[in-house]
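S.K.: Take a look at this one; I'll ask things after.
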Amino acid sequence: MANTSLFTIPEPIRHLFSRFPLHTYPPTTAPYHTPRITEPTLWVHPPRSHLSKYSKQLASEPEGHENKARELDDVLSSDVECLKWQAYLALRNLGQKVTVRWDVSADGGVDGRLPNLHVQIDPNSKGIEAGIKDDGEGELLAAHLIPEWVDGKVGDVGALEGYVDEAARDESRAWVSLLEGNVHAALLAFEPQSHTLFSLLMPYQATTSRSIESVLPTPPAPLTGWSTLFRPYGTRLDLPSIEFKYKDAIAALSDRLGTDRWFLGSSAPTALDALAFAYLHTILDSKSETLRFEVSRRVNLVAWEQRVSRDVKNAFKLYTRS
Amino acid sequence: MSINSAKSRPVLHIWPKTEFSLSLDPACIASLLYLQTYIPEQYEVEFCANPDLSPSGQLPYLTHGLHSVTGYQGIIRYASTNYHIDPTTSLDPVRKAQLSARLAHIESSLGELTSHVLYSLTANWTASTRPALVSILPVPQKYYLPDRIRLSHQPRLEAAELWNLAAIEQEEKAEKERFAFRRKAKKNKKAEEKAKFKETVERNKVLDKARAVLNIYSSLLGDSKFFYGVERPTTLDILLAAHIYLLEQDQPDNLIKDLLTTEYPRLVAHADIVYQGAFPLPSTFPAIVSPQSSFTLRSLLPSFAPNHSSGPKSVAVQEQERRFAIMRGLFFGGALLVAGAYISQQRDALVDLYNRIQLVAAMAAAYYGAEENEEDEDNEDDDEEEEEDVDEEAQGEGDEIHEPNE
């Protein structure tokens, strides 16, 4: 429908406007081409052995030197949240290896957090609008969208989510709370945070995990006290209580696993197994002796972690830039 | 009972009673129910409105002579060890492990719901929780501590998507408008409908979360009196009952209470059984100790040294404290070094400043010294004149004396 207007541009002005643009340059092609995504790639925080090397690479080394062949042992992320999703992808048996990369800063992820899963656009997917052209760059999925993507590949887990019955499924919620509450609080309280001078001087600090205030069941007291007239500062942690709850949680985990192949007597790995593996592996890899000792003295947990670790590592391969 | 044995009884420190509940905190209620169920008349209660007195800065905590423990699980452990209580003796290791997990689940999920009802729902906060806190706190804490406590729940509730930010912002806006000396803004019907729709969606989300947790424990309890079919309430029964007790209280916004009453009467009945088992009669409430210490002027100042809890510390805690002490020493040492380096660099300027001060002082001394000399000279002149006058007078008198004789 043609737009009609009461006002018309006078002819001399129209003639003047017709002279512009004075010159049109030919289109320029960008020197960098995004490689076409051909396989699912998981963006994670780097493994512990690469943490100091990674920060140096970001600060000094030019691009192109990052992609060296590394040992297979360095595939598992040092961040428990990323490792959880790595384990989840591995234990769901996708039937293909997933590429893993850690040369992407968390700022580049969805909502500034990792992990993210970079996948090809599936034209048959219900979420994709009709007519969207696949330019080869794929789509980036936030962590909470990974289960939906995996269900699309291997099929839905069903109402029981892989557990033997409803009681086991309900019980799994309690174990998830125990791991994400008591165990995670101990990791945050006792695991020393590694800082480089570069990260301390940076005005913006990317958050790698939840804060301890959001994990503890009761809000911790401020370091300066509740009653002070001044603005409260810092956090006072009840370390003996956190430690006791952690030890109790590990003992309970060990007793519940017993000699079973998977937690809660499941015949196949479930989301709870992925979560438990992530925490056990992170604890055994941590610098805190108290945390490590409590797990390493439970033989069944160590043996279970080692067995699952092999399965998880075999499901990933390192990213190589073409 | 003799004074000595009365003094040796453990004292449970919890938030004071309010109009609508035994205490404001589910952990305080659970600790009270546990001790009353298993060691009635063998402990005392102190209503404490100053959590800074606790070794961890949180209530509840228990003191027994020089020993103190904090938190619900710490108090259970202490009571189990000292009074040989174990309500789970009949359970196998797997069930005991499940019990540990479920305790964490209730503390986490039901705890978030309870915090949402008390601190996030605007109607409950303004009409019930805040007035209750204000009534138990002294001046000036009653003016700022309630909001501070409310904000301390924000990180956890935000992570659980139970922090009703839109409603809280609306509440703050209404508060400002109430005290603003200008005409109220016209109500926008469309915006109000949108806000109402959003609120309904949020409330349904909260109800879904509540159902997800309550369904689990309703089916686990079944028709049994207590979980796992035991004779006496376990720590799980007591903790669940404490949360249900708080959620069941009559509030301006009975979002969860209505859900419990209509869909989970079995859980409400279970909470009543646990409560009646602990307090069959009103007179069975434990002895209340008058608060020995309360807010002082010192509590208005920031305190960086935490109250050290008694008892042996674990290796991890000692290691943490040692590391903190080293970092603190390094920080202050570094600050002194930097200050010293700065001062030594500015040495010339400081020497120059010192010389100027000396010069000014000398000039001032000279100026005031000259004035004093002038004054002294004037005084001397005056004195000489006086002496001359005196001499003249004396001479005059002498002449007069001599003249009559002649």
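Labels used: A, B, ... for chains in the order of the structure tokens, numbers from 1 for residues in each chain, and numbers from 1 for ligands as shown.
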Any idea which chain A residues end up within 6 Å of chain B if we count only C-alpha atoms, as a PDB file with all heavy atoms, in the first residue's frame please?

M.R.:
ATOM      1  N   ASP A 170      11.999 -39.265  43.759  1.00  0.00           N
ATOM      2  CA  ASP A 170      11.811 -38.285  44.844  1.00  0.00           C
ATOM      3  C   ASP A 170      13.053 -38.213  45.720  1.00  0.00           C
ATOM      4  O   ASP A 170      13.438 -37.135  46.174  1.00  0.00           O
ATOM      5  CB  ASP A 170      10.585 -38.666  45.697  1.00  0.00           C
ATOM      6  CG  ASP A 170       9.290 -38.521  44.921  1.00  0.00           C
ATOM      7  OD1 ASP A 170       9.301 -37.857  43.858  1.00  0.00           O
ATOM      8  OD2 ASP A 170       8.272 -39.077  45.368  1.00  0.00           O
ATOM      9  N   ALA A 174      16.467 -35.072  47.092  1.00  0.00           N
ATOM     10  CA  ALA A 174      17.149 -34.845  48.370  1.00  0.00           C
ATOM     11  C   ALA A 174      18.665 -34.915  48.182  1.00  0.00           C
ATOM     12  O   ALA A 174      19.403 -34.091  48.738  1.00  0.00           O
ATOM     13  CB  ALA A 174      16.683 -35.880  49.391  1.00  0.00           C
ATOM     14  N   TRP A 175      19.125 -35.877  47.386  1.00  0.00           N
ATOM     15  CA  TRP A 175      20.569 -36.002  47.167  1.00  0.00           C
ATOM     16  C   TRP A 175      21.115 -34.815  46.377  1.00  0.00           C
ATOM     17  O   TRP A 175      22.231 -34.345  46.622  1.00  0.00           O
ATOM     18  CB  TRP A 175      20.883 -37.321  46.450  1.00  0.00           C
ATOM     19  CG  TRP A 175      20.692 -38.490  47.356  1.00  0.00           C
ATOM     20  CD1 TRP A 175      19.656 -39.369  47.348  1.00  0.00           C
ATOM     21  CD2 TRP A 175      21.527 -38.866  48.454  1.00  0.00           C
ATOM     22  NE1 TRP A 175      19.795 -40.278  48.362  1.00  0.00           N
ATOM     23  CE2 TRP A 175      20.935 -39.991  49.056  1.00  0.00           C
ATOM     24  CE3 TRP A 175      22.720 -38.369  48.982  1.00  0.00           C
ATOM     25  CZ2 TRP A 175      21.493 -40.633  50.158  1.00  0.00           C
ATOM     26  CZ3 TRP A 175      23.272 -39.003  50.086  1.00  0.00           C
ATOM     27  CH2 TRP A 175      22.651 -40.131  50.657  1.00  0.00           C
ATOM     28  N   SER A 177      19.930 -31.796  46.593  1.00  0.00           N
ATOM     29  CA  SER A 177      20.022 -30.701  47.583  1.00  0.00           C
ATOM     30  C   SER A 177      21.251 -30.872  48.451  1.00  0.00           C
ATOM     31  O   SER A 177      21.927 -29.902  48.801  1.00  0.00           O
ATOM     32  CB  SER A 177      18.788 -30.687  48.480  1.00  0.00           C
ATOM     33  OG  SER A 177      17.667 -30.314  47.752  1.00  0.00           O
ATOM     34  N   LEU A 178      21.534 -32.117  48.834  1.00  0.00           N
ATOM     35  CA  LEU A 178      22.693 -32.382  49.695  1.00  0.00           C
ATOM     36  C   LEU A 178      23.985 -31.996  48.983  1.00  0.00           C
ATOM     37  O   LEU A 178      24.860 -31.333  49.544  1.00  0.00           O
ATOM     38  CB  LEU A 178      22.719 -33.873  50.046  1.00  0.00           C
ATOM     39  CG  LEU A 178      23.790 -34.293  51.044  1.00  0.00           C
ATOM     40  CD1 LEU A 178      23.345 -34.002  52.441  1.00  0.00           C
ATOM     41  CD2 LEU A 178      24.103 -35.768  50.887  1.00  0.00           C
ATOM     42  N   SER A 214      24.201 -17.722  48.569  1.00  0.00           N
ATOM     43  CA  SER A 214      23.040 -18.315  47.907  1.00  0.00           C
ATOM     44  C   SER A 214      22.983 -19.829  48.103  1.00  0.00           C
ATOM     45  O   SER A 214      22.012 -20.467  47.727  1.00  0.00           O
ATOM     46  CB  SER A 214      23.079 -17.999  46.404  1.00  0.00           C
ATOM     47  OG  SER A 214      24.187 -18.619  45.813  1.00  0.00           O
ATOM     48  N   PRO A 217      21.853 -22.643  53.826  1.00  0.00           N
ATOM     49  CA  PRO A 217      20.412 -22.641  54.116  1.00  0.00           C
ATOM     50  C   PRO A 217      19.975 -21.436  54.938  1.00  0.00           C
ATOM     51  O   PRO A 217      18.837 -21.002  54.840  1.00  0.00           O
ATOM     52  CB  PRO A 217      20.200 -23.944  54.895  1.00  0.00           C
ATOM     53  CG  PRO A 217      21.535 -24.309  55.431  1.00  0.00           C
ATOM     54  CD  PRO A 217      22.543 -23.766  54.491  1.00  0.00           C
ATOM     55  N   PRO A 219      21.085 -17.358  55.998  1.00  0.00           N
ATOM     56  CA  PRO A 219      22.012 -16.312  55.573  1.00  0.00           C
ATOM     57  C   PRO A 219      23.144 -16.141  56.584  1.00  0.00           C
ATOM     58  O   PRO A 219      22.887 -16.038  57.792  1.00  0.00           O
ATOM     59  CB  PRO A 219      21.135 -15.041  55.543  1.00  0.00           C
ATOM     60  CG  PRO A 219      19.748 -15.487  55.696  1.00  0.00           C
ATOM     61  CD  PRO A 219      19.735 -16.844  56.262  1.00  0.00           C
ATOM     62  N   ALA A 221      26.107 -14.429  58.789  1.00  0.00           N
ATOM     63  CA  ALA A 221      26.180 -13.118  59.429  1.00  0.00           C
ATOM     64  C   ALA A 221      27.245 -12.271  58.740  1.00  0.00           C
ATOM     65  O   ALA A 221      28.224 -12.802  58.205  1.00  0.00           O
ATOM     66  CB  ALA A 221      26.533 -13.283  60.909  1.00  0.00           C
ATOM     67  N   LEU A 223      30.504  -9.877  58.506  1.00  0.00           N
ATOM     68  CA  LEU A 223      31.748  -9.920  59.276  1.00  0.00           C
ATOM     69  C   LEU A 223      31.773  -8.835  60.354  1.00  0.00           C
ATOM     70  O   LEU A 223      32.330  -9.023  61.441  1.00  0.00           O
ATOM     71  CB  LEU A 223      32.916  -9.707  58.307  1.00  0.00           C
ATOM     72  CG  LEU A 223      34.317 -10.019  58.813  1.00  0.00           C
ATOM     73  CD1 LEU A 223      34.422 -11.458  59.254  1.00  0.00           C
ATOM     74  CD2 LEU A 223      35.324  -9.745  57.708  1.00  0.00           C
ATOM     75  N   THR A 224      31.123  -7.695  60.054  1.00  0.00           N
ATOM     76  CA  THR A 224      31.116  -6.580  60.998  1.00  0.00           C
ATOM     77  C   THR A 224      29.982  -6.696  62.004  1.00  0.00           C
ATOM     78  O   THR A 224      29.827  -5.820  62.840  1.00  0.00           O
ATOM     79  CB  THR A 224      30.971  -5.252  60.234  1.00  0.00           C
ATOM     80  OG1 THR A 224      29.906  -5.391  59.290  1.00  0.00           O
ATOM     81  CG2 THR A 224      32.249  -4.908  59.495  1.00  0.00           C
ATOM     82  N   GLY A 225      29.187  -7.746  61.930  1.00  0.00           N
ATOM     83  CA  GLY A 225      28.089  -7.920  62.876  1.00  0.00           C
ATOM     84  C   GLY A 225      26.777  -7.397  62.331  1.00  0.00           C
ATOM     85  O   GLY A 225      26.740  -6.549  61.450  1.00  0.00           O
ATOM     86  N   SER A 227      24.384  -5.817  64.248  1.00  0.00           N
ATOM     87  CA  SER A 227      23.846  -4.647  64.951  1.00  0.00           C
ATOM     88  C   SER A 227      24.589  -3.349  64.684  1.00  0.00           C
ATOM     89  O   SER A 227      24.157  -2.315  65.139  1.00  0.00           O
ATOM     90  CB  SER A 227      23.869  -4.892  66.467  1.00  0.00           C
ATOM     91  OG  SER A 227      23.474  -6.181  66.755  1.00  0.00           O
ATOM     92  N   THR A 228      25.704  -3.424  63.967  1.00  0.00           N
ATOM     93  CA  THR A 228      26.496  -2.219  63.805  1.00  0.00           C
ATOM     94  C   THR A 228      25.732  -1.148  63.038  1.00  0.00           C
ATOM     95  O   THR A 228      24.947  -1.453  62.135  1.00  0.00           O
ATOM     96  CB  THR A 228      27.818  -2.543  63.091  1.00  0.00           C
ATOM     97  OG1 THR A 228      28.493  -1.335  62.798  1.00  0.00           O
ATOM     98  CG2 THR A 228      27.583  -3.287  61.792  1.00  0.00           C
ATOM     99  N   LEU A 229      26.011   0.116  63.411  1.00  0.00           N
ATOM    100  CA  LEU A 229      25.359   1.238  62.740  1.00  0.00           C
ATOM    101  C   LEU A 229      25.864   1.395  61.314  1.00  0.00           C
ATOM    102  O   LEU A 229      25.172   1.908  60.442  1.00  0.00           O
ATOM    103  CB  LEU A 229      25.652   2.538  63.498  1.00  0.00           C
ATOM    104  CG  LEU A 229      24.716   2.880  64.642  1.00  0.00           C
ATOM    105  CD1 LEU A 229      25.233   4.113  65.370  1.00  0.00           C
ATOM    106  CD2 LEU A 229      23.303   3.119  64.154  1.00  0.00           C
ATOM    107  N   ASP A 238      30.370 -20.036  59.379  1.00  0.00           N
ATOM    108  CA  ASP A 238      30.462 -20.973  60.498  1.00  0.00           C
ATOM    109  C   ASP A 238      31.194 -22.202  59.974  1.00  0.00           C
ATOM    110  O   ASP A 238      30.588 -23.211  59.598  1.00  0.00           O
ATOM    111  CB  ASP A 238      29.047 -21.328  60.984  1.00  0.00           C
ATOM    112  CG  ASP A 238      29.067 -22.154  62.255  1.00  0.00           C
ATOM    113  OD1 ASP A 238      30.172 -22.397  62.792  1.00  0.00           O
ATOM    114  OD2 ASP A 238      27.978 -22.555  62.716  1.00  0.00           O
ATOM    115  N   ALA A 252      27.158 -40.096  54.125  1.00  0.00           N
ATOM    116  CA  ALA A 252      25.837 -40.535  53.656  1.00  0.00           C
ATOM    117  C   ALA A 252      25.915 -40.986  52.195  1.00  0.00           C
ATOM    118  O   ALA A 252      25.308 -41.994  51.807  1.00  0.00           O
ATOM    119  CB  ALA A 252      24.828 -39.391  53.792  1.00  0.00           C
ATOM    120  N   ASP A 255      27.516 -44.394  52.082  1.00  0.00           N
ATOM    121  CA  ASP A 255      26.610 -45.444  52.574  1.00  0.00           C
ATOM    122  C   ASP A 255      25.510 -45.731  51.564  1.00  0.00           C
ATOM    123  O   ASP A 255      25.097 -46.877  51.380  1.00  0.00           O
ATOM    124  CB  ASP A 255      25.973 -45.012  53.903  1.00  0.00           C
ATOM    125  CG  ASP A 255      26.976 -45.022  55.045  1.00  0.00           C
ATOM    126  OD1 ASP A 255      28.023 -45.703  54.898  1.00  0.00           O
ATOM    127  OD2 ASP A 255      26.739 -44.345  56.063  1.00  0.00           O
ATOM    128  N   ARG A 256      25.038 -44.695  50.898  1.00  0.00           N
ATOM    129  CA  ARG A 256      23.934 -44.898  49.949  1.00  0.00           C
ATOM    130  C   ARG A 256      24.409 -45.586  48.688  1.00  0.00           C
ATOM    131  O   ARG A 256      23.675 -46.395  48.113  1.00  0.00           O
ATOM    132  CB  ARG A 256      23.305 -43.540  49.590  1.00  0.00           C
ATOM    133  CG  ARG A 256      22.019 -43.654  48.788  1.00  0.00           C
ATOM    134  CD  ARG A 256      20.955 -44.356  49.588  1.00  0.00           C
ATOM    135  NE  ARG A 256      19.731 -44.569  48.852  1.00  0.00           N
ATOM    136  CZ  ARG A 256      19.451 -45.668  48.151  1.00  0.00           C
ATOM    137  NH1 ARG A 256      20.340 -46.644  48.047  1.00  0.00           N
ATOM    138  NH2 ARG A 256      18.292 -45.794  47.537  1.00  0.00           N
ATOM    139  N   THR A 290      41.522 -31.392  53.698  1.00  0.00           N
ATOM    140  CA  THR A 290      40.364 -31.834  54.485  1.00  0.00           C
ATOM    141  C   THR A 290      39.279 -32.369  53.567  1.00  0.00           C
ATOM    142  O   THR A 290      38.688 -33.422  53.830  1.00  0.00           O
ATOM    143  CB  THR A 290      39.797 -30.654  55.280  1.00  0.00           C
ATOM    144  OG1 THR A 290      40.838 -30.106  56.061  1.00  0.00           O
ATOM    145  CG2 THR A 290      38.644 -31.072  56.155  1.00  0.00           C
TER     146      THR A 290
END

S.K.: Within 12 Å of Glu294 in chain A, counting only C-alpha atoms, which residues qualify if same-chain residues fewer than 6 places away don't, as a list in words?

M.R.: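 The filter keeps Val183, Ala186, Glu243, Phe244, Lys245, Tyr246, Lys247, Asp248, Ala249, Ile250, Ala251, Ala252, Leu253, Ser254, Leu280, Ile283, Leu284, Ser286, Ser288, Leu301 and Val302 of chain A; Ala316 of chain B.
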
S.K.: Could you check the closest approach to Glu169 in chain B for each of B:Leu337, B:Pro233, B:Ser120, B:Asn204 and tell me which residue wins, using only C-alpha atoms?

M.R.: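 Looking at the shortest contact to Glu169 in chain B, the residue is B:Ser120.
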
S.K.: Calculate how many Å separate CA of Lys153 in chain A from CA of Arg36 in chain A, rounding to one decimal.

M.R.: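 CA of Arg36 in chain A lies at a distance of 20.1 Å from CA of Lys153 in chain A.
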
S.K.: For Pro252 in chain B, which residue out of B:Thr89, B:Ser283, B:Thr122, B:Thr81 is the nearest one, using only C-alpha atoms?

M.R.: B:Thr122

S.K.: Can you tell me how far CA of Val295 in chain A sits from CA of Phe277 in chain A, in Å to one decimal?

M.R.: 11.9 Å

S.K.: As an exercise, work out the distance from CA of Leu62 in chain B to CA of Pro40 in chain B in Å and give it to one decimal place.

M.R.: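 Between CA of Leu62 in chain B and CA of Pro40 in chain B the gap works out to 15.0 Å.
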
S.K.: Give me the residues within 7 Å of Asp237 in chain B as a list in words, counting only C-alpha atoms and dropping any in the same chain fewer than 3 places off.

M.R.: Phe226, Phe227, Pro233, Thr234, Leu240 and Ala241 of chain B

S.K.: Could you tell me, as a ChimeraX atom specification, which residues of range 121-334 of chain B DSSP assigns to alpha helix (DSSP H) when given the backbone?

M.R.: /B:122-124,130-136,141-152,154-159,165-179,189-221,235-247,255-263,265-278,315-334

S.K.: Given only C-alpha atoms as the basis, pick out the residue of B:Ile343, B:Ala278, B:Ala174, B:Ala210 nearest to Leu33 in chain B.

M.R.: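 Looking at the shortest contact to Leu33 in chain B, the residue is B:Ala278.
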